[in-house]
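The next block holds one structure in the form of structure tokens; read it before the comments.
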Amino acid sequence: MTKKTEAETEEKHSLSFVEQLVEEDLAAGKNDGRIQTRFPPEPNGYLHIGHAKAICMDFGVAERYNGVCNLRFDDTNPSKENTEYVENILNDIEWLGFKWGNIYYASDYFQQLWDFAIWMIKQGRAYVDEQTAEQIAEQKGTPTTPGVASPYRDRPVEENLRLFQQMNTPEAVEGSMVLRAKLDMGNPNMHFRDPIIYRIIQTPHHRTGTKWHCYPMYDFAHGQSDYFEGVTHSICTLEFVPHRPLYDKFVDFLKEYDGTAAKGMDNYRPRQIEFNRLNLTYTVMSKRKLHTLVDEHFVNGWDDPRMPTLCGMRRRGYSPESIRNFIKSIGYTKFDALNDMALLEAAVRDDLNKRATRVSAVLDPVKLVITNYPEEQSEEMEAINNPEDDTAGSHTITFTRNLWIERADFMEDAPKKFFRMTPGKEVRLKNAYIVKCTGCTKDADGNITEIQAEYDPQSKSGMEGANRKVKGTLHWVSADACIKAEVREYDRLFNVENPSADERDFRELLNPDSLHVFTNCYVEKFAAERKPGEYLQFQRVGYFMADPDGGSGHPVFNKTVGLKDTWAKQMGK
């Protein structure tokens with residue numbers, strides 16, 4: 001076996017089952033070898049990481065096979081949709097690193113869908129039903145018992161046409177009538193039991209205004225929109241498996257309607273392929289529940305860094321590359337699974353280690369005074385921006401007599417393996433000098449208020465002969481040349497691993513300690529000048545990103561993730 005063949009075999013094995021099916025269609029010459037996918041979000045909320053999995057597949061297949069992926073907004077329910085969601089969906093897709101071929105809307109096809117529905121009525125394949133939603137649901141039966149035909153099922157065509165036109169008037173009452181496809185009330189697939197294909201909604205549409213009062217249902221609009229656009233592969237999640245026969249049935253009707261079926265062109269049709277959804281521990285993906293969290297102010301908006309939304313993850317400091325790497329690592333299957341949040345955080349950690357700028361920040365400060373360092377003296381110490389990236393350069397950090405260090409880095413009576421600051425022991429101050437602690441000062445309650453130390457002038461980092469070994473290295477900032485900052489640290493949004501499977505009201509499952517705000521923090525000036533979108537590592541603490549809430553002189557930082565997965569250890573995992 002040649003090396004080339006081995007590489008080809010390895011690549012073949014790495015293909016997802018979706019890509020394997022696409023390759024089968026290409027080999028069979030379907031659609032003249034053309035590949036066209038689409039990402040079809042409904043603009044009724046913000047995208048979350050579950051949507052990112054679909055985005056990576058839809059756009060990824062098009063990229064891999066030199067095809068095109070279009071963006072189509074499923075805007076068939078004006079009561080829940082608006083342009084704010086449209087704009088944010090566009091931003092999120094671009095942030096993830098993908099570019100669509102064209103932008104379409106289901107509303108582009110309202111007239112075509114309406115005309116198609118008229119044809120179905122004339123063919124005796126659709127009828128207007130005036131029953132209530134409850135009556136229709138009851139008459140549909142169960143998966144093991146056939147449904148009962150509607151009393152309106154055999155209405156004359158002329159009456160159905162008249163009532164359907166009436167449904168699209170300003171006077172039509174919501175819920176008073178629906179248009180149903182006349183299929184099979186005894187079909188074991190419940191979706192075939194005369195599904196509703198049009199309903200009345202008296203809410204102005206964000207694009208078409210008040211032109212329409214009657215709107216197509218998703219199952220009626222989706223497959224037809226795919227067909228109108230020339231989609232070859234309609235890739236969706238597993239809940240649409242039982243919808244697939246209906247998807248194909250409506251496409252069959254449409255091909256009969258436009259005459260392609262009579263021309264023997266059955267090869268030209270979209271193929272629906274389903275994969276498993278992305279579910280994460282300690283969060284929810286239900287758009288309804290995410291709406292509730294926002295609307296009832298359990299979180300601070302859609303971009304709250306605790307949310308699984310892409311804008312929330314972006315604000316928290318996740319990189320688009322880390323999200324794509326995580327999605328690639330969990331893969332695509334036909335079996336639903338619950339993915340551990342720790343896997344996502346590990347992907348974020350791995351990516352940010354390569355791109356984050358190292359800076360100094362002290363979150364729980366205690367003063368350190370270098371007693372033998374001249375009071376009026378200061379030095380600019382060189383700090384490497386990223387040791388993983390030779391092109392990242394460096395910046396300077398000011399060193400003075402008075403410093404801030406982390407309170408946890410000092411212990412007056414320390415155990416043997418405590419390698420941080422303690423009286424009589426030496427530690428290195430990162431990028432600066434080796435210092436020896438000489439004592440500390442306490443207040444009346446015994447709290448440490450100041451630590452004293454002496455520095456070795458010959459031990460400056462980078463100085464010849466200054467590389468003697470000490471067991472501890474501490475980060476610090478100058479108390480005379482730093483900026484006070486606010487730091488927001490986040491925990492899991494929910495207290496239970498799988499809130500979606502819990503029978504209790506999901507509001508009861510929220511973690512009351514999911515946000516901790518530290519207001520007495522100090523960062524070096526270089527860190528304070530960083531903007532949202534710049535990835536940072538607070539040395540020895542974790543990864544952070546500046547938040548838009550911060551202003552000049554008052555920076556705010558969000559903790560993205562710690563340097564290690566300490567959360568699982570705390571939970572005993």
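Within each chain, counting starts at residue 1; across the structure tokens, chains are named A, B, ... in the order shown, with ligands numbered 1 upward in that order.
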Checklist entry - Got a sec: who's within 9 Å of His516 (chain A), counting only C-alpha atoms, leaving out chain neighbours fewer than 6 positions off, as a list in words? => result Val487, Arg488, Glu489, Tyr490 and Asp491 of chain A
Would you mind exporting the chosen residues as a PDB file, in the first residue's frame, restricted to C-alpha atoms?
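Output (out_7.pdb):
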ATOM      1  CA  VAL A 487     -13.368  40.582  37.802  1.00  0.00           C
ATOM      2  CA  ARG A 488     -16.380  38.358  37.168  1.00  0.00           C
ATOM      3  CA  GLU A 489     -15.984  34.655  37.822  1.00  0.00           C
ATOM      4  CA  TYR A 490     -18.575  32.172  36.593  1.00  0.00           C
ATOM      5  CA  ASP A 491     -19.737  28.767  37.737  1.00  0.00           C
TER       6      ASP A 491
END
Next on the checklist: List as a PyMOL selection string the protein and nucleic acid residues near Gln123 (chain A), meaning an atom at most 12 Å away when only C-alpha atoms are counted, but skip any in the same chain fewer than 3 places from it.
Outcome noted: chain A and resi 116-120+126-127+156-158+160-161+181-182+253+256-257
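Nearest-residue note for Glu382 (chain A): choosing from A:Leu290, A:Leu352, A:Met463, A:Ala133, the minimum distance belongs to A:Met463, counting only C-alpha atoms.
Among the candidate residues A:Gly101, A:Gly446, A:Pro78, A:Gly259, the one lying nearest to Arg207 (chain A) is A:Pro78, with distances computed using only C-alpha atoms.
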Next on the checklist: Residues near region 560-562 of chain A, anyone? I mean within 12 Å using only C-alpha atoms, not counting same-chain ones fewer than 4 positions away, as JSON, numbers by chain.
Outcome noted: {"A": [305, 306, 312, 313, 314, 315, 316, 317, 318, 319, 341, 342, 343, 344, 345, 346, 347, 348, 349, 350, 351, 352, 353, 356, 487, 488, 489, 490, 491, 492, 533, 534, 535, 536, 537, 538, 539, 540, 541, 542, 543, 544, 545, 546, 547, 566, 567, 568]}
Checklist entry - Rounded to one decimal in Å, what is the spacing between CA of Glu134 (chain A) and CA of Tyr198 (chain A)? => result 16.5 Å
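Contact shell of Asp336 (chain A) at 9 Å (only C-alpha atoms; same-chain neighbours under 3 positions omitted): A:Leu238, A:Phe275, A:Asn276, A:Arg277, A:Leu278, A:Asn279, A:Thr333.
Between Gln452 (chain A) and the candidates A:Thr260, A:Thr371, A:Lys430, A:Lys564, the tightest atom-to-atom separation, counting only C-alpha atoms, involves A:Thr371.
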Checklist entry - So which one's closest to Val477 (chain A), A:Lys436, A:Pro499, A:Asp505, A:Val523? Using only C-alpha atoms, please. => result A:Val523
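Atom pair CA of Arg324 (chain A) / CA of Met57 (chain A): separated by 10.3 Å.
Interatomic distance, CA of Glu486 (chain A) against CA of Asn520 (chain A): 6.8 Å.
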